[in-house]
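Participant: Let me begin by handing over the structure; questions about it come next.
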Amino acid sequence: MSFKVPRGTQDILPGQSEKWQKAEEVLRELCHVYRYKEIRTPIFESTELFQRGVGDTTDIVQKEMYTFEDRGGRSLTLRPEGTAAAVRSYVEHKMFGQPDQPVKLSYMGPMFRYERQQAGRYRQFVQFGVEAIGSADPAIDAEVIAFAMDIYKKVGLKDLKLVINSLGDKETRDAHRTALINHFEPSIGEFCSDCQKRLEKNPLRILDCKVDREHPLMATAPALTDYLTDDSAEYFAKVKNYLNILEIPYEVDPNLVRGLDYYNHTAFEIMSTASGFGAITTLCGGGRYNGLVEDIGGPDVPGIGFALSIERLLLALEAEGVTLETNEALDMYVVVMGDEAKAKAIELVSQFRANGISADMDYADRKMKAQMKTADRQGAKYVIVLGDSELEEQAVNVKEMATGNQEKVAFKELVTYLQK
């Protein structure tokens, strides 16, 4: 009987995992620069948290969640996204009482959605995200967008497009909701069953439908920006002004609504424009979610954030031919000739490692030529060959692989020599 990874998942093997580590390193460095502190939440949460936080009319809640009942009869769900869990933690631990607001949080870890697997999209995927909770200042919107853009610039991507929109306040959404119902209702029978259900519950979700995206009524649907209140329009104008100050190019897309119910005011997506990237170009998405904290049981506190898939980040790097520089070079490889030499090799390798020098040795009793080939494949900077004569002299020739130069060094001076 043979086993394979479950559909929609993947093994990240050596050679690829180093790229993941480098991407994660860049993300953590930028979190430090922007002062977003890490939060780690459980892999699973109460199902109701996502129903309330993400929205029961979304595809995530209706079709994509991995939900199960535990032995106590409680309904639990593997987290499909990170914001609801981060906000739950913010409320539970009363972070709204901290003196410094907004509270800036970051997270990174596996998320789970039951959807069709395609390039860069899996049923288990790794999501990185940030949340800034506790400020209604449009300047924090600009900061969050700048943070997201900096991630892709830092790893070397250039073919990027930032798209923004305003989803307005409650008054804006109510007026737009009525306009959408009037627009779609006469022809709603031409749309999928999901859209038909959304017409009364949440007609804005129709604009995010993947099935009917090419329907003519989609292109002529009333734009949210046409219904912005004076306050919402002023807020959006400030966000755009701050982006101009930061010299971040953007496009306004009135049909950008995002796939989660909790968004209002600013919404944005970063897309790859690289040729051959694929039909789904979105790399990152986010926006403001005033009201979500209150919906999850906390005070009326505003927030904004974004999330990205590391799988799609790596896919974009591949599409642009950008290679993440990783430092996997081996400092020292010890070639062993004989049992007595092996004992000394084990001792030396341990000393090297204890002093921060990466080292490896042969564990298969192979001939010298085969061991040298291994050292070369692993990119060893230096090689030493240990045999009876070296044990007798208590010294060994250190060979620099790049130049072929050799220098005899006493065993007791090897660590100091390599450190220099």
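By convention in this document, the chains of the structure tokens carry letters A, B, ... by their order, each chain's residues are numbered from 1, and ligands are numbered from 1 in the order they are shown.
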With only C-alpha atoms as the counted atoms, please give the residues lying no more than 10 Å from stretch 105-116 of chain A, apart from itself and same-chain residues fewer than 6 positions off, as a PyMOL selection string.

Facilitator: chain A and resi 7-9+24+27-28+31+35-44+59-61+63-66+77-83+86-87+90+122-133+305-310

Participant: With C-alpha atoms retained, export the selected residues as a PDB file, in the first residue's frame.

Facilitator:
```
ATOM      1  CA  ARG A   7      -5.185  16.418  -2.239  1.00  0.00           C
ATOM      2  CA  GLY A   8      -4.569  20.156  -2.009  1.00  0.00           C
ATOM      3  CA  THR A   9      -1.492  19.822   0.208  1.00  0.00           C
ATOM      4  CA  GLU A  24       9.867  34.178   6.216  1.00  0.00           C
ATOM      5  CA  LEU A  27       8.698  39.059   6.585  1.00  0.00           C
ATOM      6  CA  ARG A  28      10.012  38.968  10.146  1.00  0.00           C
ATOM      7  CA  CYS A  31       7.665  43.258  11.058  1.00  0.00           C
ATOM      8  CA  ARG A  35       6.859  47.392  14.731  1.00  0.00           C
ATOM      9  CA  TYR A  36       4.243  44.663  14.271  1.00  0.00           C
ATOM     10  CA  LYS A  37       4.560  42.101  17.079  1.00  0.00           C
ATOM     11  CA  GLU A  38       3.913  38.394  16.469  1.00  0.00           C
ATOM     12  CA  ILE A  39       0.785  36.679  17.748  1.00  0.00           C
ATOM     13  CA  ARG A  40       0.224  32.914  17.595  1.00  0.00           C
ATOM     14  CA  THR A  41      -3.340  31.652  17.745  1.00  0.00           C
ATOM     15  CA  PRO A  42      -4.699  28.057  17.722  1.00  0.00           C
ATOM     16  CA  ILE A  43      -5.006  26.109  14.480  1.00  0.00           C
ATOM     17  CA  PHE A  44      -8.710  25.602  15.208  1.00  0.00           C
ATOM     18  CA  ASP A  59     -17.769  31.344   0.002  1.00  0.00           C
ATOM     19  CA  ILE A  60     -15.332  30.640   2.837  1.00  0.00           C
ATOM     20  CA  VAL A  61     -18.072  29.975   5.377  1.00  0.00           C
ATOM     21  CA  LYS A  63     -18.265  26.106   1.035  1.00  0.00           C
ATOM     22  CA  GLU A  64     -14.644  26.065   2.140  1.00  0.00           C
ATOM     23  CA  MET A  65     -14.315  25.570   5.895  1.00  0.00           C
ATOM     24  CA  TYR A  66     -13.023  22.357   7.468  1.00  0.00           C
ATOM     25  CA  THR A  77     -13.162  24.802  12.467  1.00  0.00           C
ATOM     26  CA  LEU A  78      -9.618  24.744  11.163  1.00  0.00           C
ATOM     27  CA  ARG A  79      -8.826  28.418  10.696  1.00  0.00           C
ATOM     28  CA  PRO A  80      -9.494  29.548   7.094  1.00  0.00           C
ATOM     29  CA  GLU A  81      -7.916  32.993   7.640  1.00  0.00           C
ATOM     30  CA  GLY A  82      -6.102  34.900  10.380  1.00  0.00           C
ATOM     31  CA  THR A  83      -7.972  38.127  11.096  1.00  0.00           C
ATOM     32  CA  ALA A  86      -6.329  37.746  15.892  1.00  0.00           C
ATOM     33  CA  VAL A  87      -9.307  39.956  16.744  1.00  0.00           C
ATOM     34  CA  TYR A  90      -7.333  41.075  20.978  1.00  0.00           C
ATOM     35  CA  TYR A 122      -3.752  24.861  -1.825  1.00  0.00           C
ATOM     36  CA  ARG A 123      -6.226  23.515   0.717  1.00  0.00           C
ATOM     37  CA  GLN A 124      -3.541  23.897   3.343  1.00  0.00           C
ATOM     38  CA  PHE A 125      -1.552  27.057   2.720  1.00  0.00           C
ATOM     39  CA  VAL A 126       0.700  29.339   4.739  1.00  0.00           C
ATOM     40  CA  GLN A 127      -0.618  32.823   5.331  1.00  0.00           C
ATOM     41  CA  PHE A 128       1.224  35.855   6.640  1.00  0.00           C
ATOM     42  CA  GLY A 129      -0.819  38.802   7.838  1.00  0.00           C
ATOM     43  CA  VAL A 130      -0.806  41.931   9.936  1.00  0.00           C
ATOM     44  CA  GLU A 131      -3.496  43.763  11.891  1.00  0.00           C
ATOM     45  CA  ALA A 132      -3.452  47.316  13.222  1.00  0.00           C
ATOM     46  CA  ILE A 133      -6.323  47.540  15.698  1.00  0.00           C
ATOM     47  CA  GLY A 305      -4.926  44.605   8.020  1.00  0.00           C
ATOM     48  CA  PHE A 306      -3.837  42.457   5.110  1.00  0.00           C
ATOM     49  CA  ALA A 307      -2.893  38.865   4.419  1.00  0.00           C
ATOM     50  CA  LEU A 308      -0.824  37.095   1.788  1.00  0.00           C
ATOM     51  CA  SER A 309      -0.037  33.550   0.769  1.00  0.00           C
ATOM     52  CA  ILE A 310       3.635  32.610   0.856  1.00  0.00           C
TER      53      ILE A 310
END
```

Participant: With stretch 238-242 of chain A as the partner and 12 Å as the cut-off, tabulate the residues of stretch 260-373 of chain A that qualify, each row holding the nearest pair of atoms and their distance in Å to one decimal, using only C-alpha atoms, sorted by chain and rising number, as CSV.

Facilitator:
```
residue,atom,partner,partner_atom,distance
A:His265,CA,A:Val239,CA,10.0
A:Thr266,CA,A:Val239,CA,8.0
A:Ala267,CA,A:Val239,CA,10.8
A:Phe268,CA,A:Val239,CA,11.4
A:Gly287,CA,A:Val239,CA,11.7
A:Arg288,CA,A:Val239,CA,11.6
```

Participant: Just want the 7 Å neighbourhood of A:Val336, counted on only C-alpha atoms, with same-chain residues fewer than 6 positions away dropped. Output as a ChimeraX atom specification.

Facilitator: /A:342,345,362,385-387

Participant: Can you list, as a PyMOL selection string, all residues belonging to stretch 234-296 of chain A that DSSP tags as strand (DSSP E)?

Facilitator: chain A and resi 251-252+264-272+282-288

Participant: Excluding same-chain residues fewer than 3 positions from A:Lys154, what lies within 9 Å of it counting only C-alpha atoms, as a VMD selection string?

Facilitator: chain A and resid 26 30 149 to 151 157

Participant: Please extract the residues of stretch 238-268 of chain A with a backbone DSSP assignment of helix (DSSP H, G or I) and present them as a list in words.

Facilitator: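 Here are the helix (DSSP H, G or I) residues of stretch 238-268 of chain A: Lys238, Val239, Lys240, Asn241, Tyr242, Leu243, Asn244 and Ile245 of chain A.
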
Participant: Of the residues A:Lys420, A:Lys104, A:His176, A:His183, which is the one nearest to A:Pro254, using only C-alpha atoms?

Facilitator: A:His176

Participant: I'd like the interatomic distance between atom CA of A:Ser272 and atom CA of A:Lys19, to a tenth of an Å.

Facilitator: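 Pair atom CA of A:Ser272 / atom CA of A:Lys19 returns 19.1 Å.
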